[in-house]
Amino acid sequence: MKKLMGLFLIMILAVGVLAACGGAKDSNEGDKKTLVMATSADYAPFEYIESDKSDEIVGFDVDLAKAIAGKLGYEVEIKDMDFGGLIQSLKSGQADFVLAGMTPTEKRKKNVDFSDIYYTAQHMVISKTDSGIATVEDLKGKTVGVQLGSIQEGKAEEINKTVAIKVENRNRIPELIQELKAGRFDAIIIEDTVAKGYLDKESDLTSFTMSDDPEEAGSAIAFPKDSDLTEKFNKELKNMKENGELQELIVKWFGGEN
């Protein structure tokens, strides 16, 4: 009887060991290192959805994220959300990084960390061709639309200190264009690279570029405070600048140098 009980216990242990080994193997094979990238996919050519082709988010920032993450051994999962919620997504742990043409302002730096600048652009004022708006001073008494939470929202508030304007915000860039064309906005302020795509399509729109602000120039990748990814991404970003890979992406998506 004792022998039978002993054999029974040995069999149970053996099955348990084999099962444990098999479970560990499956787990290891199934584990993939994935980083969550938060963005606002309304900002062509940085990030947008080619709705006539698929629901996939594409663009310059997407290619850049996948290139850097791939070099570090990660895959990328993209979460689309309103621009105004991007910083909070990092603070709440919903995302590992933000790539959305975001400018590293001093206010944002209080809440998140930023990579080095990867692209520089300018602010552009767009209005209807018959609006008579050709300078910042011409905006006096006008309603100006900006994207909620964007650097352009801050720029409009800054203008309002010297030139009286009414500032209104919307969550998405296409909403700004619609409001402008419908006559509810007299002008909107968006980034020049993004503006180009709309100006090429809409013959009834005109624009002018605002003067540069060196302290607010450029886009960078945002990370949670003290994230070890910041240094890793910076290293790969530097390599891409030096070996020409970043320039190749710029030419692919913007058609020229930056």
# chains A, B, ... in the order shown; residues from 1 in each chain; ligands from 1
$ select_by_dssp --residues "region 87-239 of chain A" --states "strand (DSSP E)" --output "number ranges by chain"
A: 97-98, 112-114, 123-128, 143-147, 166-170, 187-191, 205-209, 222-224
$ write_last_selection --atoms "N, CA and C atoms" --output "mmCIF file, in the first residue's frame"
data_model
loop_
_atom_site.group_PDB
_atom_site.id
_atom_site.type_symbol
_atom_site.label_atom_id
_atom_site.label_comp_id
_atom_site.auth_asym_id
_atom_site.auth_seq_id
_atom_site.Cartn_x
_atom_site.Cartn_y
_atom_site.Cartn_z
ATOM 1 N N PHE A 97 4.624 57.046 -24.063
ATOM 2 C CA PHE A 97 5.156 58.270 -24.652
ATOM 3 C C PHE A 97 4.115 58.900 -25.565
ATOM 4 N N VAL A 98 4.320 60.180 -25.851
ATOM 5 C CA VAL A 98 3.432 60.923 -26.750
ATOM 6 C C VAL A 98 4.239 61.423 -27.934
ATOM 7 N N VAL A 112 5.744 66.695 -17.651
ATOM 8 C CA VAL A 112 6.349 65.569 -18.369
ATOM 9 C C VAL A 112 7.771 65.917 -18.779
ATOM 10 N N ASP A 113 8.516 64.911 -19.202
ATOM 11 C CA ASP A 113 9.854 65.114 -19.753
ATOM 12 C C ASP A 113 9.789 65.052 -21.270
ATOM 13 N N PHE A 114 10.754 65.696 -21.926
ATOM 14 C CA PHE A 114 10.779 65.722 -23.386
ATOM 15 C C PHE A 114 12.111 65.234 -23.944
ATOM 16 N N HIS A 123 4.191 78.889 -36.876
ATOM 17 C CA HIS A 123 2.756 79.092 -36.726
ATOM 18 C C HIS A 123 2.222 79.801 -37.965
ATOM 19 N N MET A 124 1.046 79.377 -38.439
ATOM 20 C CA MET A 124 0.464 79.984 -39.626
ATOM 21 C C MET A 124 -0.982 80.389 -39.349
ATOM 22 N N VAL A 125 -1.324 81.593 -39.801
ATOM 23 C CA VAL A 125 -2.693 82.094 -39.685
ATOM 24 C C VAL A 125 -3.394 81.866 -41.018
ATOM 25 N N ILE A 126 -4.529 81.167 -40.977
ATOM 26 C CA ILE A 126 -5.296 80.878 -42.195
ATOM 27 C C ILE A 126 -6.644 81.586 -42.115
ATOM 28 N N SER A 127 -7.053 82.175 -43.226
ATOM 29 C CA SER A 127 -8.353 82.843 -43.307
ATOM 30 C C SER A 127 -8.884 82.682 -44.719
ATOM 31 N N LYS A 128 -10.080 83.160 -44.974
ATOM 32 C CA LYS A 128 -10.625 83.122 -46.325
ATOM 33 C C LYS A 128 -9.934 84.176 -47.182
ATOM 34 N N THR A 143 -12.731 86.621 -34.569
ATOM 35 C CA THR A 143 -12.793 85.360 -33.831
ATOM 36 C C THR A 143 -11.758 84.408 -34.412
ATOM 37 N N VAL A 144 -10.844 83.954 -33.565
ATOM 38 C CA VAL A 144 -9.724 83.119 -34.012
ATOM 39 C C VAL A 144 -9.835 81.726 -33.390
ATOM 40 N N GLY A 145 -9.787 80.703 -34.222
ATOM 41 C CA GLY A 145 -9.891 79.332 -33.747
ATOM 42 C C GLY A 145 -8.542 78.665 -33.578
ATOM 43 N N VAL A 146 -8.409 77.847 -32.529
ATOM 44 C CA VAL A 146 -7.173 77.107 -32.263
ATOM 45 C C VAL A 146 -7.523 75.726 -31.718
ATOM 46 N N GLN A 147 -6.572 74.812 -31.774
ATOM 47 C CA GLN A 147 -6.806 73.479 -31.220
ATOM 48 C C GLN A 147 -6.617 73.495 -29.711
ATOM 49 N N LYS A 166 -11.165 87.385 -30.166
ATOM 50 C CA LYS A 166 -11.933 86.386 -29.439
ATOM 51 C C LYS A 166 -11.356 85.018 -29.780
ATOM 52 N N VAL A 167 -10.884 84.298 -28.773
ATOM 53 C CA VAL A 167 -10.245 82.993 -29.003
ATOM 54 C C VAL A 167 -11.234 81.876 -28.689
ATOM 55 N N GLU A 168 -11.410 80.969 -29.636
ATOM 56 C CA GLU A 168 -12.234 79.785 -29.425
ATOM 57 C C GLU A 168 -11.420 78.546 -29.769
ATOM 58 N N ASN A 169 -11.665 77.452 -29.066
ATOM 59 C CA ASN A 169 -10.901 76.234 -29.338
ATOM 60 C C ASN A 169 -11.808 75.075 -29.731
ATOM 61 N N ARG A 170 -11.220 74.132 -30.428
ATOM 62 C CA ARG A 170 -11.882 72.896 -30.819
ATOM 63 C C ARG A 170 -10.895 71.753 -30.598
ATOM 64 N N ALA A 187 -10.494 83.459 -38.602
ATOM 65 C CA ALA A 187 -9.154 82.931 -38.893
ATOM 66 C C ALA A 187 -8.861 81.796 -37.924
ATOM 67 N N ILE A 188 -7.892 80.976 -38.268
ATOM 68 C CA ILE A 188 -7.423 79.923 -37.368
ATOM 69 C C ILE A 188 -5.897 79.940 -37.370
ATOM 70 N N ILE A 189 -5.313 79.405 -36.316
ATOM 71 C CA ILE A 189 -3.849 79.318 -36.231
ATOM 72 C C ILE A 189 -3.470 77.847 -36.079
ATOM 73 N N ILE A 190 -2.692 77.344 -37.024
ATOM 74 C CA ILE A 190 -2.171 75.980 -36.948
ATOM 75 C C ILE A 190 -0.730 75.966 -37.440
ATOM 76 N N GLU A 191 -0.086 74.825 -37.323
ATOM 77 C CA GLU A 191 1.312 74.704 -37.747
ATOM 78 C C GLU A 191 1.418 74.735 -39.267
ATOM 79 N N LEU A 205 -8.867 79.598 -49.430
ATOM 80 C CA LEU A 205 -8.154 79.937 -48.203
ATOM 81 C C LEU A 205 -6.808 80.581 -48.500
ATOM 82 N N THR A 206 -6.413 81.501 -47.646
ATOM 83 C CA THR A 206 -5.110 82.142 -47.764
ATOM 84 C C THR A 206 -4.423 82.107 -46.406
ATOM 85 N N SER A 207 -3.162 82.515 -46.350
ATOM 86 C CA SER A 207 -2.429 82.395 -45.081
ATOM 87 C C SER A 207 -1.234 83.328 -45.028
ATOM 88 N N PHE A 208 -0.714 83.487 -43.822
ATOM 89 C CA PHE A 208 0.587 84.134 -43.628
ATOM 90 C C PHE A 208 1.254 83.495 -42.415
ATOM 91 N N THR A 209 2.579 83.494 -42.415
ATOM 92 C CA THR A 209 3.351 82.861 -41.346
ATOM 93 C C THR A 209 3.715 83.878 -40.281
ATOM 94 N N ALA A 222 7.227 63.337 -25.840
ATOM 95 C CA ALA A 222 6.957 63.513 -24.408
ATOM 96 C C ALA A 222 6.923 62.169 -23.686
ATOM 97 N N PHE A 223 7.445 62.161 -22.454
ATOM 98 C CA PHE A 223 7.489 60.951 -21.625
ATOM 99 C C PHE A 223 7.028 61.285 -20.201
ATOM 100 N N PRO A 224 6.605 60.280 -19.431
ATOM 101 C CA PRO A 224 6.313 60.532 -18.021
ATOM 102 C C PRO A 224 7.572 61.036 -17.322
#
$ residues_around --residues "region 63-71 of chain A" --least-positions-apart "2" --cutoff "10 Å" --atoms "only C-alpha atoms" --output "count of residues only"
35
$ atom_distance --atom1 "CA of Ser150 (chain A)" --atom2 "CA of Phe83 (chain A)"
7.2 Å
$ select_by_dssp --residues "region 193-231 of chain A" --states "helix (DSSP H, G or I)" --output "PyMOL selection string"
chain A and resi 193-201+214-216+229-231
$ closest_residue --among "A:Ile87, A:Ile133, A:Ile151, A:Ala220" --to "Lys110 (chain A)" --atoms "only C-alpha atoms"
A:Ile87
$ residues_around --residues "Glu56 (chain A)" --least-positions-apart "6" --cutoff "10 Å" --atoms "only C-alpha atoms" --output "list in words"
Ala41, Tyr48, Ile49, Glu50 and Ile78 of chain A
$ write_last_selection --atoms "N, CA and C atoms" --output "PDB file, in the first residue's frame"
ATOM      1  N   ALA A  41      -4.703  61.854 -33.872  1.00  0.00           N
ATOM      2  CA  ALA A  41      -4.550  61.537 -35.300  1.00  0.00           C
ATOM      3  C   ALA A  41      -5.380  62.436 -36.215  1.00  0.00           C
ATOM      4  N   TYR A  48      -2.351  60.849 -38.916  1.00  0.00           N
ATOM      5  CA  TYR A  48      -3.714  60.967 -39.415  1.00  0.00           C
ATOM      6  C   TYR A  48      -4.195  59.602 -39.892  1.00  0.00           C
ATOM      7  N   ILE A  49      -5.487  59.524 -40.165  1.00  0.00           N
ATOM      8  CA  ILE A  49      -6.096  58.284 -40.640  1.00  0.00           C
ATOM      9  C   ILE A  49      -6.475  58.442 -42.107  1.00  0.00           C
ATOM     10  N   GLU A  50      -5.957  57.563 -42.935  1.00  0.00           N
ATOM     11  CA  GLU A  50      -6.332  57.588 -44.350  1.00  0.00           C
ATOM     12  C   GLU A  50      -7.668  56.860 -44.488  1.00  0.00           C
ATOM     13  N   ILE A  78      -0.635  52.164 -30.852  1.00  0.00           N
ATOM     14  CA  ILE A  78      -1.014  53.575 -30.950  1.00  0.00           C
ATOM     15  C   ILE A  78      -2.417  53.806 -30.411  1.00  0.00           C
TER      16      ILE A  78
END
$ closest_residue --among "A:Thr39, A:Ser54, A:Thr129, A:Ser115" --to "Arg172 (chain A)" --atoms "only C-alpha atoms"
A:Thr39
$ decode --residues "region 189-206 of chain A" --atoms "N, CA, C and O atoms" --output "PDB file, in the first residue's frame"
ATOM      1  N   ILE A 189      -5.313  79.405 -36.316  1.00  0.00           N
ATOM      2  CA  ILE A 189      -3.849  79.318 -36.231  1.00  0.00           C
ATOM      3  C   ILE A 189      -3.470  77.847 -36.079  1.00  0.00           C
ATOM      4  O   ILE A 189      -3.889  77.189 -35.128  1.00  0.00           O
ATOM      5  N   ILE A 190      -2.692  77.344 -37.024  1.00  0.00           N
ATOM      6  CA  ILE A 190      -2.171  75.980 -36.948  1.00  0.00           C
ATOM      7  C   ILE A 190      -0.730  75.966 -37.440  1.00  0.00           C
ATOM      8  O   ILE A 190      -0.221  76.976 -37.932  1.00  0.00           O
ATOM      9  N   GLU A 191      -0.086  74.825 -37.323  1.00  0.00           N
ATOM     10  CA  GLU A 191       1.312  74.704 -37.747  1.00  0.00           C
ATOM     11  C   GLU A 191       1.418  74.735 -39.267  1.00  0.00           C
ATOM     12  O   GLU A 191       0.557  74.193 -39.968  1.00  0.00           O
ATOM     13  N   ASP A 192       2.481  75.372 -39.777  1.00  0.00           N
ATOM     14  CA  ASP A 192       2.590  75.572 -41.223  1.00  0.00           C
ATOM     15  C   ASP A 192       2.615  74.272 -42.026  1.00  0.00           C
ATOM     16  O   ASP A 192       2.018  74.182 -43.103  1.00  0.00           O
ATOM     17  N   THR A 193       3.290  73.260 -41.504  1.00  0.00           N
ATOM     18  CA  THR A 193       3.376  71.986 -42.219  1.00  0.00           C
ATOM     19  C   THR A 193       2.004  71.339 -42.360  1.00  0.00           C
ATOM     20  O   THR A 193       1.671  70.778 -43.396  1.00  0.00           O
ATOM     21  N   VAL A 194       1.199  71.440 -41.308  1.00  0.00           N
ATOM     22  CA  VAL A 194      -0.155  70.900 -41.337  1.00  0.00           C
ATOM     23  C   VAL A 194      -1.047  71.764 -42.223  1.00  0.00           C
ATOM     24  O   VAL A 194      -1.880  71.264 -42.984  1.00  0.00           O
ATOM     25  N   ALA A 195      -0.855  73.074 -42.144  1.00  0.00           N
ATOM     26  CA  ALA A 195      -1.653  74.010 -42.938  1.00  0.00           C
ATOM     27  C   ALA A 195      -1.487  73.759 -44.432  1.00  0.00           C
ATOM     28  O   ALA A 195      -2.441  73.898 -45.209  1.00  0.00           O
ATOM     29  N   LYS A 196      -0.291  73.395 -44.834  1.00  0.00           N
ATOM     30  CA  LYS A 196       0.000  73.207 -46.258  1.00  0.00           C
ATOM     31  C   LYS A 196      -0.958  72.213 -46.907  1.00  0.00           C
ATOM     32  O   LYS A 196      -1.425  72.430 -48.033  1.00  0.00           O
ATOM     33  N   GLY A 197      -1.270  71.138 -46.214  1.00  0.00           N
ATOM     34  CA  GLY A 197      -2.151  70.122 -46.768  1.00  0.00           C
ATOM     35  C   GLY A 197      -3.539  70.671 -47.073  1.00  0.00           C
ATOM     36  O   GLY A 197      -4.153  70.307 -48.080  1.00  0.00           O
ATOM     37  N   TYR A 198      -4.031  71.560 -46.210  1.00  0.00           N
ATOM     38  CA  TYR A 198      -5.348  72.151 -46.427  1.00  0.00           C
ATOM     39  C   TYR A 198      -5.298  73.251 -47.489  1.00  0.00           C
ATOM     40  O   TYR A 198      -6.225  73.381 -48.302  1.00  0.00           O
ATOM     41  N   LEU A 199      -4.239  74.041 -47.473  1.00  0.00           N
ATOM     42  CA  LEU A 199      -4.121  75.126 -48.450  1.00  0.00           C
ATOM     43  C   LEU A 199      -3.999  74.590 -49.871  1.00  0.00           C
ATOM     44  O   LEU A 199      -4.465  75.223 -50.828  1.00  0.00           O
ATOM     45  N   ASP A 200      -3.375  73.429 -50.022  1.00  0.00           N
ATOM     46  CA  ASP A 200      -3.235  72.816 -51.348  1.00  0.00           C
ATOM     47  C   ASP A 200      -4.588  72.371 -51.900  1.00  0.00           C
ATOM     48  O   ASP A 200      -4.786  72.321 -53.121  1.00  0.00           O
ATOM     49  N   LYS A 201      -5.522  72.047 -50.995  1.00  0.00           N
ATOM     50  CA  LYS A 201      -6.839  71.531 -51.405  1.00  0.00           C
ATOM     51  C   LYS A 201      -7.899  72.631 -51.502  1.00  0.00           C
ATOM     52  O   LYS A 201      -8.814  72.540 -52.311  1.00  0.00           O
ATOM     53  N   GLU A 202      -7.786  73.642 -50.646  1.00  0.00           N
ATOM     54  CA  GLU A 202      -8.821  74.670 -50.544  1.00  0.00           C
ATOM     55  C   GLU A 202      -8.367  75.974 -51.189  1.00  0.00           C
ATOM     56  O   GLU A 202      -7.597  76.733 -50.619  1.00  0.00           O
ATOM     57  N   SER A 203      -8.867  76.265 -52.382  1.00  0.00           N
ATOM     58  CA  SER A 203      -8.442  77.459 -53.117  1.00  0.00           C
ATOM     59  C   SER A 203      -8.998  78.749 -52.532  1.00  0.00           C
ATOM     60  O   SER A 203      -8.517  79.846 -52.850  1.00  0.00           O
ATOM     61  N   ASP A 204     -10.020  78.635 -51.662  1.00  0.00           N
ATOM     62  CA  ASP A 204     -10.627  79.834 -51.085  1.00  0.00           C
ATOM     63  C   ASP A 204      -9.980  80.252 -49.770  1.00  0.00           C
ATOM     64  O   ASP A 204     -10.480  81.137 -49.077  1.00  0.00           O
ATOM     65  N   LEU A 205      -8.867  79.598 -49.430  1.00  0.00           N
ATOM     66  CA  LEU A 205      -8.154  79.937 -48.203  1.00  0.00           C
ATOM     67  C   LEU A 205      -6.808  80.581 -48.500  1.00  0.00           C
ATOM     68  O   LEU A 205      -6.147  80.253 -49.485  1.00  0.00           O
ATOM     69  N   THR A 206      -6.413  81.501 -47.646  1.00  0.00           N
ATOM     70  CA  THR A 206      -5.110  82.142 -47.764  1.00  0.00           C
ATOM     71  C   THR A 206      -4.423  82.107 -46.406  1.00  0.00           C
ATOM     72  O   THR A 206      -5.037  81.732 -45.400  1.00  0.00           O
TER      73      THR A 206
END
